[in-house]
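Listing of data-v4.pdb; format and content: PDB, C-alpha atoms and all ligand atoms.
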ATOM      1  CA  MET A   1      45.269 135.716 161.912  1.00  0.00           C
ATOM      2  CA  LEU A   2      41.699 134.514 161.886  1.00  0.00           C
ATOM      3  CA  ASP A   3      39.065 136.878 163.172  1.00  0.00           C
ATOM      4  CA  ASN A   4      36.840 135.696 165.980  1.00  0.00           C
ATOM      5  CA  GLN A   5      33.992 134.626 163.775  1.00  0.00           C
ATOM      6  CA  SER A   6      36.309 132.499 161.602  1.00  0.00           C
ATOM      7  CA  LYS A   7      37.812 130.984 164.722  1.00  0.00           C
ATOM      8  CA  ILE A   8      34.393 129.999 165.999  1.00  0.00           C
ATOM      9  CA  GLN A   9      33.537 128.628 162.555  1.00  0.00           C
ATOM     10  CA  LYS A  10      36.707 126.505 162.633  1.00  0.00           C
ATOM     11  CA  ILE A  11      35.916 125.185 166.094  1.00  0.00           C
ATOM     12  CA  ILE A  12      32.428 124.161 164.978  1.00  0.00           C
ATOM     13  CA  GLU A  13      33.781 122.454 161.843  1.00  0.00           C
ATOM     14  CA  ASN A  14      36.379 120.514 163.781  1.00  0.00           C
ATOM     15  CA  SER A  15      33.878 119.462 166.369  1.00  0.00           C
ATOM     16  CA  LEU A  16      31.451 118.257 163.672  1.00  0.00           C
ATOM     17  CA  ARG A  17      34.217 116.302 161.979  1.00  0.00           C
ATOM     18  CA  GLU A  18      35.195 114.793 165.306  1.00  0.00           C
ATOM     19  CA  GLN A  19      31.574 113.861 166.010  1.00  0.00           C
ATOM     20  CA  GLU A  20      31.237 112.235 162.567  1.00  0.00           C
ATOM     21  CA  SER A  21      34.392 110.165 163.052  1.00  0.00           C
ATOM     22  CA  GLN A  22      33.135 108.926 166.436  1.00  0.00           C
ATOM     23  CA  ARG A  23      29.664 108.094 165.203  1.00  0.00           C
ATOM     24  CA  ARG A  24      28.733 104.415 165.314  1.00  0.00           C
ATOM     25  CA  ASP A  25      25.162 104.189 164.096  1.00  0.00           C
ATOM     26  CA  PHE A  26      24.292 104.637 160.450  1.00  0.00           C
ATOM     27  CA  SER A  27      21.630 103.280 158.158  1.00  0.00           C
ATOM     28  CA  LEU A  28      21.555 101.889 154.649  1.00  0.00           C
ATOM     29  CA  PHE A  29      18.083 101.559 153.104  1.00  0.00           C
ATOM     30  CA  GLY A  30      16.697 101.674 156.625  1.00  0.00           C
ATOM     31  CA  LYS A  31      18.884  98.764 157.809  1.00  0.00           C
ATOM     32  CA  TRP A  32      21.147  99.136 160.789  1.00  0.00           C
ATOM     33  CA  PHE A  33      24.761  99.882 159.801  1.00  0.00           C
ATOM     34  CA  TYR A  34      26.808  99.637 162.979  1.00  0.00           C
ATOM     35  CA  ILE A  35      30.465 100.523 163.511  1.00  0.00           C
ATOM     36  CA  LYS A  36      31.793  98.098 166.116  1.00  0.00           C
ATOM     37  CA  GLU A  37      35.379  99.196 165.466  1.00  0.00           C
ATOM     38  CA  HIS A  38      36.060 102.362 163.509  1.00  0.00           C
ATOM     39  CA  PHE A  39      37.618 102.222 160.037  1.00  0.00           C
ATOM     40  CA  LEU A  40      41.392 102.635 160.133  1.00  0.00           C
ATOM     41  CA  ALA A  41      41.331 104.739 156.949  1.00  0.00           C
ATOM     42  CA  PRO A  42      39.503 108.070 156.750  1.00  0.00           C
ATOM     43  CA  ILE A  43      36.188 107.026 155.214  1.00  0.00           C
ATOM     44  CA  ASN A  44      33.170 109.302 155.027  1.00  0.00           C
ATOM     45  CA  ILE A  45      30.538 106.744 155.894  1.00  0.00           C
ATOM     46  CA  SER A  46      27.333 108.761 155.490  1.00  0.00           C
ATOM     47  CA  ARG A  47      28.399 110.050 152.089  1.00  0.00           C
ATOM     48  CA  THR A  48      29.360 106.550 150.918  1.00  0.00           C
ATOM     49  CA  LEU A  49      26.070 105.038 152.075  1.00  0.00           C
ATOM     50  CA  GLU A  50      24.111 107.818 150.376  1.00  0.00           C
ATOM     51  CA  GLU A  51      25.965 107.115 147.123  1.00  0.00           C
ATOM     52  CA  LEU A  52      25.143 103.437 147.436  1.00  0.00           C
ATOM     53  CA  GLU A  53      21.459 104.207 147.901  1.00  0.00           C
ATOM     54  CA  GLU A  54      21.557 106.114 144.615  1.00  0.00           C
ATOM     55  CA  LYS A  55      23.446 103.372 142.758  1.00  0.00           C
ATOM     56  CA  ILE A  56      21.482 100.260 143.691  1.00  0.00           C
ATOM     57  CA  PRO A  57      17.742  99.541 143.734  1.00  0.00           C
ATOM     58  CA  ALA A  58      16.476  99.166 147.328  1.00  0.00           C
ATOM     59  CA  HIS A  59      14.761  95.817 146.763  1.00  0.00           C
ATOM     60  CA  LEU A  60      18.143  94.138 146.230  1.00  0.00           C
ATOM     61  CA  PHE A  61      18.822  94.609 149.960  1.00  0.00           C
ATOM     62  CA  GLU A  62      15.770  92.577 151.026  1.00  0.00           C
ATOM     63  CA  GLU A  63      17.845  89.612 152.191  1.00  0.00           C
ATOM     64  CA  ILE A  64      20.076  91.714 154.447  1.00  0.00           C
ATOM     65  CA  ASP A  65      19.018  92.743 157.961  1.00  0.00           C
ATOM     66  CA  GLU A  66      22.114  94.582 159.152  1.00  0.00           C
ATOM     67  CA  PHE A  67      25.715  95.581 158.520  1.00  0.00           C
ATOM     68  CA  PHE A  68      28.625  95.416 160.959  1.00  0.00           C
ATOM     69  CA  VAL A  69      32.022  97.053 160.574  1.00  0.00           C
ATOM     70  CA  GLY A  70      34.821  95.785 162.793  1.00  0.00           C
ATOM     71  CA  ASP A  71      38.023  93.881 163.340  1.00  0.00           C
ATOM     72  CA  PHE A  72      36.563  90.392 162.850  1.00  0.00           C
ATOM     73  CA  ASP A  73      38.859  87.374 163.233  1.00  0.00           C
ATOM     74  CA  PHE A  74      36.834  85.230 160.853  1.00  0.00           C
ATOM     75  CA  LEU A  75      37.502  87.786 158.098  1.00  0.00           C
ATOM     76  CA  THR A  76      41.182  88.334 158.886  1.00  0.00           C
ATOM     77  CA  ASP A  77      41.838  84.577 159.138  1.00  0.00           C
ATOM     78  CA  LYS A  78      40.489  83.994 155.629  1.00  0.00           C
ATOM     79  CA  GLY A  79      41.986  87.159 154.167  1.00  0.00           C
ATOM     80  CA  LEU A  80      38.505  88.495 153.423  1.00  0.00           C
ATOM     81  CA  GLU A  81      37.373  92.117 153.408  1.00  0.00           C
ATOM     82  CA  ALA A  82      33.702  91.297 153.884  1.00  0.00           C
ATOM     83  CA  GLN A  83      31.317  88.388 154.226  1.00  0.00           C
ATOM     84  CA  TYR A  84      27.572  87.826 154.136  1.00  0.00           C
ATOM     85  CA  LYS A  85      26.245  85.342 156.659  1.00  0.00           C
ATOM     86  CA  ASP A  86      22.944  84.712 158.427  1.00  0.00           C
ATOM     87  CA  GLY A  87      21.324  87.864 157.102  1.00  0.00           C
ATOM     88  CA  ALA A  88      24.166  90.191 158.061  1.00  0.00           C
ATOM     89  CA  VAL A  89      27.074  91.703 156.151  1.00  0.00           C
ATOM     90  CA  TYR A  90      30.340  91.867 158.097  1.00  0.00           C
ATOM     91  CA  ILE A  91      32.891  94.378 156.842  1.00  0.00           C
ATOM     92  CA  SER A  92      36.516  94.636 157.895  1.00  0.00           C
ATOM     93  CA  ASN A  93      37.499  97.970 159.414  1.00  0.00           C
ATOM     94  CA  SER A  94      40.798  97.671 157.522  1.00  0.00           C
ATOM     95  CA  ILE A  95      39.397  98.399 154.067  1.00  0.00           C
ATOM     96  CA  VAL A  96      41.233 101.264 152.463  1.00  0.00           C
ATOM     97  CA  SER A  97      38.803 103.555 150.679  1.00  0.00           C
ATOM     98  CA  GLU A  98      35.225 104.594 150.083  1.00  0.00           C
ATOM     99  CA  LEU A  99      35.245 102.812 146.714  1.00  0.00           C
ATOM    100  CA  ASP A 100      36.505  99.689 148.464  1.00  0.00           C
ATOM    101  CA  LEU A 101      33.563  99.945 150.876  1.00  0.00           C
ATOM    102  CA  VAL A 102      31.073 100.353 148.032  1.00  0.00           C
ATOM    103  CA  GLU A 103      32.538  97.397 146.103  1.00  0.00           C
ATOM    104  CA  ASN A 104      32.523  95.134 149.141  1.00  0.00           C
ATOM    105  CA  ILE A 105      28.927  95.915 150.030  1.00  0.00           C
ATOM    106  CA  ILE A 106      27.735  95.346 146.451  1.00  0.00           C
ATOM    107  CA  HIS A 107      29.721  92.107 146.284  1.00  0.00           C
ATOM    108  CA  GLU A 108      28.079  90.790 149.467  1.00  0.00           C
ATOM    109  CA  VAL A 109      24.637  91.899 148.271  1.00  0.00           C
ATOM    110  CA  SER A 110      25.176  89.591 145.290  1.00  0.00           C
ATOM    111  CA  HIS A 111      25.889  86.646 147.624  1.00  0.00           C
ATOM    112  CA  SER A 112      22.819  87.492 149.717  1.00  0.00           C
ATOM    113  CA  LEU A 113      20.680  87.066 146.569  1.00  0.00           C
ATOM    114  CA  GLU A 114      22.010  83.628 145.645  1.00  0.00           C
ATOM    115  CA  THR A 115      19.508  81.644 147.704  1.00  0.00           C
ATOM    116  CA  ARG A 116      16.389  83.548 146.748  1.00  0.00           C
ATOM    117  CA  TYR A 117      17.376  83.723 143.079  1.00  0.00           C
ATOM    118  CA  GLY A 118      19.208  80.411 142.850  1.00  0.00           C
ATOM    119  CA  HIS A 119      16.783  79.111 140.225  1.00  0.00           C
ATOM    120  CA  VAL A 120      17.239  82.237 138.066  1.00  0.00           C
ATOM    121  CA  ILE A 121      21.025  82.418 138.408  1.00  0.00           C
ATOM    122  CA  TYR A 122      22.001  78.749 138.343  1.00  0.00           C
ATOM    123  CA  GLY A 123      18.843  76.752 137.499  1.00  0.00           C
ATOM    124  CA  ASP A 124      19.254  76.425 133.726  1.00  0.00           C
ATOM    125  CA  GLN A 125      23.036  75.712 133.946  1.00  0.00           C
ATOM    126  CA  LYS A 126      23.793  78.377 131.344  1.00  0.00           C
ATOM    127  CA  LEU A 127      25.976  80.347 133.722  1.00  0.00           C
ATOM    128  CA  ALA A 128      27.915  77.210 134.660  1.00  0.00           C
ATOM    129  CA  ARG A 129      28.498  76.419 130.984  1.00  0.00           C
ATOM    130  CA  GLU A 130      29.745  79.935 130.269  1.00  0.00           C
ATOM    131  CA  PHE A 131      32.013  79.790 133.320  1.00  0.00           C
ATOM    132  CA  LEU A 132      33.484  76.413 132.284  1.00  0.00           C
ATOM    133  CA  LEU A 133      34.264  77.668 128.775  1.00  0.00           C
ATOM    134  CA  LYS A 134      36.128  80.557 130.361  1.00  0.00           C
ATOM    135  CA  ARG A 135      37.955  78.335 132.799  1.00  0.00           C
ATOM    136  CA  ASN A 136      39.013  76.236 129.826  1.00  0.00           C
ATOM    137  CA  SER A 137      40.394  79.269 127.961  1.00  0.00           C
ATOM    138  CA  LEU A 138      42.218  80.319 131.103  1.00  0.00           C
ATOM    139  CA  ARG A 139      43.658  76.816 131.434  1.00  0.00           C
ATOM    140  CA  SER A 140      45.073  77.004 127.895  1.00  0.00           C
ATOM    141  CA  LYS A 141      46.508  80.452 128.523  1.00  0.00           C
ATOM    142  CA  LEU A 142      48.221  79.361 131.723  1.00  0.00           C
ATOM    143  CA  LYS A 143      49.625  76.305 129.984  1.00  0.00           C
ATOM    144  CA  GLN A 144      50.898  78.491 127.161  1.00  0.00           C
ATOM    145  CA  GLU A 145      52.631  80.679 129.748  1.00  0.00           C
ATOM    146  CA  GLY A 146      54.388  77.645 131.156  1.00  0.00           C
ATOM    147  CA  TYR A 147      52.515  77.142 134.447  1.00  0.00           C
ATOM    148  CA  ASP A 148      52.238  73.631 135.809  1.00  0.00           C
ATOM    149  CA  ILE A 149      48.476  73.167 135.932  1.00  0.00           C
ATOM    150  CA  SER A 150      48.405  69.367 136.075  1.00  0.00           C
ATOM    151  CA  GLU A 151      47.248  69.252 139.697  1.00  0.00           C
ATOM    152  CA  TYR A 152      44.233  71.507 139.278  1.00  0.00           C
ATOM    153  CA  ASP A 153      40.708  70.682 138.258  1.00  0.00           C
ATOM    154  CA  PHE A 154      39.507  73.531 136.053  1.00  0.00           C
ATOM    155  CA  GLU A 155      36.063  71.953 135.800  1.00  0.00           C
ATOM    156  CA  ASN A 156      35.313  72.181 139.499  1.00  0.00           C
ATOM    157  CA  LEU A 157      32.642  74.854 139.948  1.00  0.00           C
ATOM    158  CA  GLU A 158      33.079  75.105 143.711  1.00  0.00           C
ATOM    159  CA  TYR A 159      35.576  77.112 145.687  1.00  0.00           C
ATOM    160  CA  ASP A 160      38.801  75.164 146.232  1.00  0.00           C
ATOM    161  CA  GLU A 161      41.477  76.469 148.552  1.00  0.00           C
ATOM    162  CA  ASP A 162      44.421  74.953 146.633  1.00  0.00           C
ATOM    163  CA  PHE A 163      43.155  76.271 143.329  1.00  0.00           C
ATOM    164  CA  ASP A 164      42.548  79.706 144.870  1.00  0.00           C
ATOM    165  CA  PHE A 165      46.052  79.685 146.315  1.00  0.00           C
ATOM    166  CA  PHE A 166      47.502  78.707 142.941  1.00  0.00           C
ATOM    167  CA  LEU A 167      45.773  81.667 141.250  1.00  0.00           C
ATOM    168  CA  TYR A 168      46.516  84.095 144.040  1.00  0.00           C
ATOM    169  CA  GLU A 169      50.082  83.102 144.935  1.00  0.00           C
ATOM    170  CA  ALA A 170      51.657  81.127 142.077  1.00  0.00           C
ATOM    171  CA  VAL A 171      50.201  83.155 139.229  1.00  0.00           C
ATOM    172  CA  GLY A 172      49.371  86.350 141.135  1.00  0.00           C
ATOM    173  CA  TYR A 173      46.399  88.628 140.480  1.00  0.00           C
ATOM    174  CA  ALA A 174      48.405  91.237 138.558  1.00  0.00           C
ATOM    175  CA  GLN A 175      49.489  88.630 136.013  1.00  0.00           C
ATOM    176  CA  LEU A 176      46.130  86.864 136.121  1.00  0.00           C
ATOM    177  CA  ASN A 177      44.280  90.108 135.396  1.00  0.00           C
ATOM    178  CA  ASN A 178      46.355  90.396 132.214  1.00  0.00           C
ATOM    179  CA  LEU A 179      45.717  86.805 131.219  1.00  0.00           C
ATOM    180  CA  VAL A 180      41.942  87.027 131.627  1.00  0.00           C
ATOM    181  CA  VAL A 181      41.512  90.080 129.394  1.00  0.00           C
ATOM    182  CA  GLY A 182      38.850  89.171 126.848  1.00  0.00           C
ATOM    183  CA  ILE A 183      37.987  86.004 128.787  1.00  0.00           C
ATOM    184  CA  MET A 184      36.621  87.051 132.167  1.00  0.00           C
ATOM    185  CA  PRO A 185      35.587  90.334 133.785  1.00  0.00           C
ATOM    186  CA  SER A 186      38.507  90.060 136.249  1.00  0.00           C
ATOM    187  CA  ALA A 187      40.953  87.657 137.892  1.00  0.00           C
ATOM    188  CA  TYR A 188      38.751  87.071 140.932  1.00  0.00           C
ATOM    189  CA  ALA A 189      35.949  85.816 138.664  1.00  0.00           C
ATOM    190  CA  ALA A 190      38.044  82.702 137.989  1.00  0.00           C
ATOM    191  CA  THR A 191      37.845  81.615 141.660  1.00  0.00           C
ATOM    192  CA  SER A 192      34.547  79.705 141.496  1.00  0.00           C
ATOM    193  CA  LEU A 193      31.126  79.835 139.836  1.00  0.00           C
ATOM    194  CA  ARG A 194      29.723  81.793 142.804  1.00  0.00           C
ATOM    195  CA  GLU A 195      32.499  84.378 142.629  1.00  0.00           C
ATOM    196  CA  TYR A 196      31.979  84.583 138.864  1.00  0.00           C
ATOM    197  CA  TRP A 197      28.373  85.581 139.606  1.00  0.00           C
ATOM    198  CA  SER A 198      29.437  88.099 142.267  1.00  0.00           C
ATOM    199  CA  VAL A 199      32.076  89.786 140.143  1.00  0.00           C
ATOM    200  CA  GLY A 200      29.512  90.185 137.367  1.00  0.00           C
ATOM    201  CA  PHE A 201      27.005  91.738 139.755  1.00  0.00           C
ATOM    202  CA  GLU A 202      29.655  94.055 141.171  1.00  0.00           C
ATOM    203  CA  ASP A 203      30.938  95.142 137.751  1.00  0.00           C
ATOM    204  CA  TYR A 204      27.402  95.840 136.591  1.00  0.00           C
ATOM    205  CA  PHE A 205      27.134  98.602 139.196  1.00  0.00           C
ATOM    206  CA  VAL A 206      30.676  99.861 139.707  1.00  0.00           C
ATOM    207  CA  GLY A 207      32.694  98.445 136.819  1.00  0.00           C
ATOM    208  CA  ASP A 208      32.706  98.512 133.046  1.00  0.00           C
ATOM    209  CA  ARG A 209      29.172  97.377 132.204  1.00  0.00           C
ATOM    210  CA  GLU A 210      29.762  97.290 128.447  1.00  0.00           C
ATOM    211  CA  TYR A 211      32.856  95.143 128.811  1.00  0.00           C
ATOM    212  CA  LEU A 212      30.952  92.788 131.100  1.00  0.00           C
ATOM    213  CA  LYS A 213      28.212  92.445 128.499  1.00  0.00           C
ATOM    214  CA  ARG A 214      30.731  91.738 125.751  1.00  0.00           C
ATOM    215  CA  VAL A 215      32.970  89.299 127.585  1.00  0.00           C
ATOM    216  CA  SER A 216      30.323  87.455 129.656  1.00  0.00           C
ATOM    217  CA  PRO A 217      26.923  87.828 127.981  1.00  0.00           C
ATOM    218  CA  ILE A 218      25.197  85.125 130.017  1.00  0.00           C
ATOM    219  CA  LEU A 219      26.503  86.553 133.284  1.00  0.00           C
ATOM    220  CA  PHE A 220      25.349  90.003 132.205  1.00  0.00           C
ATOM    221  CA  SER A 221      21.859  88.763 131.368  1.00  0.00           C
ATOM    222  CA  LYS A 222      21.574  86.879 134.684  1.00  0.00           C
ATOM    223  CA  VAL A 223      22.439  90.066 136.591  1.00  0.00           C
ATOM    224  CA  GLU A 224      19.776  91.959 134.645  1.00  0.00           C
ATOM    225  CA  GLU A 225      17.197  89.244 135.260  1.00  0.00           C
ATOM    226  CA  VAL A 226      17.772  89.396 139.005  1.00  0.00           C
ATOM    227  CA  ILE A 227      17.868  93.152 139.403  1.00  0.00           C
ATOM    228  CA  THR A 228      14.761  93.793 137.302  1.00  0.00           C
ATOM    229  CA  ASP A 229      12.719  91.305 139.326  1.00  0.00           C
ATOM    230  CA  GLU A 230      10.646  93.727 141.394  1.00  0.00           C
ATOM    231  CA  TYR A 231       8.571  91.139 143.247  1.00  0.00           C
TER     232      TYR A 231
HETATM  233 ZN    ZN B 301      32.491  86.614 147.130  1.00  0.00          ZN
END

As structure tokens, what does this structure read like?
Amino acid sequence: MLDNQSKIQKIIENSLREQESQRRDFSLFGKWFYIKEHFLAPINISRTLEELEEKIPAHLFEEIDEFFVGDFDFLTDKGLEAQYKDGAVYISNSIVSELDLVENIIHEVSHSLETRYGHVIYGDQKLAREFLLKRNSLRSKLKQEGYDISEYDFENLEYDEDFDFFLYEAVGYAQLNNLVVGIMPSAYAATSLREYWSVGFEDYFVGDREYLKRVSPILFSKVEEVITDEY
């Protein structure tokens, strides 16, 4: 049996937890972080946002005005967990963990920086050249493994739905992650040049930074160039 004081303590704790799970307004680097629909998984939002503020320099959030969490059709329809558009980051309320939330936010931050830093990231074509060399190695590997790759253009830098579907469905990310070891930071990096950039940025903060540097030196140096620009 709990004594009265412990009982009261329990009631207060439960009520605080309840309040936290119902809370809709948060902030990340002073930007509005609004919960339109609550996360389906138990995610401690304030703790996660505090961790993010410790992990990433504040100036990298300059291009983002606000964050929205919800059940957004445009995300579900494309099978996306998050998307940056028109100065806002939209996050699906179906993401499964705090780490997932951190990774998605960092990933979208990288996309938000592409316009402002386009000249740094893409201007000298070095990143594109590195990406194409890797696509070429991947092409050989897939061929070796017996996949029919004749219909796909491995030199296309842009996102292509058929190519994405081939990687995601025909090969599968579990298998693809094995095949890209030593070639790319991860399977998703093979999607397009822009996703190559984003995976590098993400891995720099929450992945294996040393591996990134070893496997994709140009990508690594582009990430460093962007994040150390203090303007
Ligand atoms: Zn992306």

>> Counting only C-alpha atoms and all ligand atoms, what are the residues, protein, DNA or RNA alike, that approach ligand ZN 301 (chain B) to within 12 Å? I want them as a PyMOL selection string.
In response: chain A and resi 78-85+89+103-114+159+188-202

> Between CA of Ser150 in chain A and CA of Leu127 in chain A, what is the distance, to one decimal in Å?
Replying inline: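 Computing the Euclidean distance for CA of Ser150 in chain A and CA of Leu127 in chain A yields 25.1 Å.
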
>> What does the structure give for the distance between CA of Leu28 in chain A and CA of Glu63 in chain A, in Å to one decimal?
In response: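 Here the two named atoms are 13.1 Å from each other.
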
Could you give me, as a Markdown table, a per-residue list for range 9-43 of chain A showing, wherever an atom lies at most 8 Å from an atom of range 94-101 of chain A, the closest pair of atoms and their distance in Å to one decimal, using all atoms listed in the file and sorting by chain then residue number from low to high?
| residue | atom | partner | partner_atom | distance |
| --- | --- | --- | --- | --- |
| A:Phe39 | CA | A:Ser94 | CA | 6.1 |
| A:Leu40 | CA | A:Ser94 | CA | 5.6 |
| A:Ala41 | CA | A:Val96 | CA | 5.7 |
| A:Pro42 | CA | A:Ser97 | CA | 7.6 |
| A:Ile43 | CA | A:Glu98 | CA | 5.8 |

> Of the candidates A:Tyr90, A:Phe220, A:Phe26, A:Phe166, which one gets nearest to Tyr152 in chain A if we count all atoms listed in the file?
Replying inline: A:Phe166

>> I'd like the residues picked by the PyMOL selection byres (((chain A and resi 182) around 10) and not hetatm) written out as a PyMOL selection string, using the chain letters and numbers from the file.
In response: chain A and resi 134+178-181+183-186+211-212+214-216

>> Take the PyMOL selection byres (((chain A and resi 142) around 12) and not hetatm), run it mentally on this structure, and tell me the resulting residues as JSON, numbers by chain.
In response: {"A": [135, 136, 137, 138, 139, 140, 141, 143, 144, 145, 146, 147, 148, 149, 150, 152, 154, 166, 167, 170, 171, 172, 175, 176, 178, 179, 180]}

>> If I take CA of Ile45 in chain A and CA of Asp86 in chain A, how far is one from the other in Å, to one decimal?
In response: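 Spanning CA of Ile45 in chain A to CA of Asp86 in chain A is a straight-line distance of 23.4 Å.
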
With 6 Å of padding per side, what axis-aligned box (centre and edge lengths, Å, one decimal) covers all the listed atoms of range 104-115 of chain A? Give it as JSON.
{"center_x": 26.0, "center_y": 88.8, "center_z": 147.7, "size_x": 25.0, "size_y": 26.3, "size_z": 16.7}

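Counting only C-alpha atoms, Ser46 in chain A has the following residues at most 12 Å away, ignoring those fewer than 3 positions along the same chain: Glu20, Ser21, Arg23, Arg24, Asp25, Phe26, Ser27, Leu28, Phe29, Phe33, Tyr34, Ile35, Ile43, Leu49, Glu50, Glu51, Leu52, Glu53, Glu98, Leu101 and Val102 of chain A.
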
> Which of these residues is nearest to Tyr204 in chain A, using all atoms listed in the file: A:Gly123, A:Val226, A:Leu75, A:Ala187?
Replying inline: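 Result for the nearest residue to Tyr204 in chain A: A:Val226.
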
>> Given the PyMOL selection byres (((chain A and resi 72) around 9) and not hetatm) and the file above, list the residues it selects as a PyMOL selection string.
In response: chain A and resi 69-71+73-77+90-93

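Remark: for Leu133 in chain A, the closest of the candidate residues A:Gly118, A:Ile218, A:Phe165, A:Asn44 is A:Ile218 (distances computed over only C-alpha atoms).
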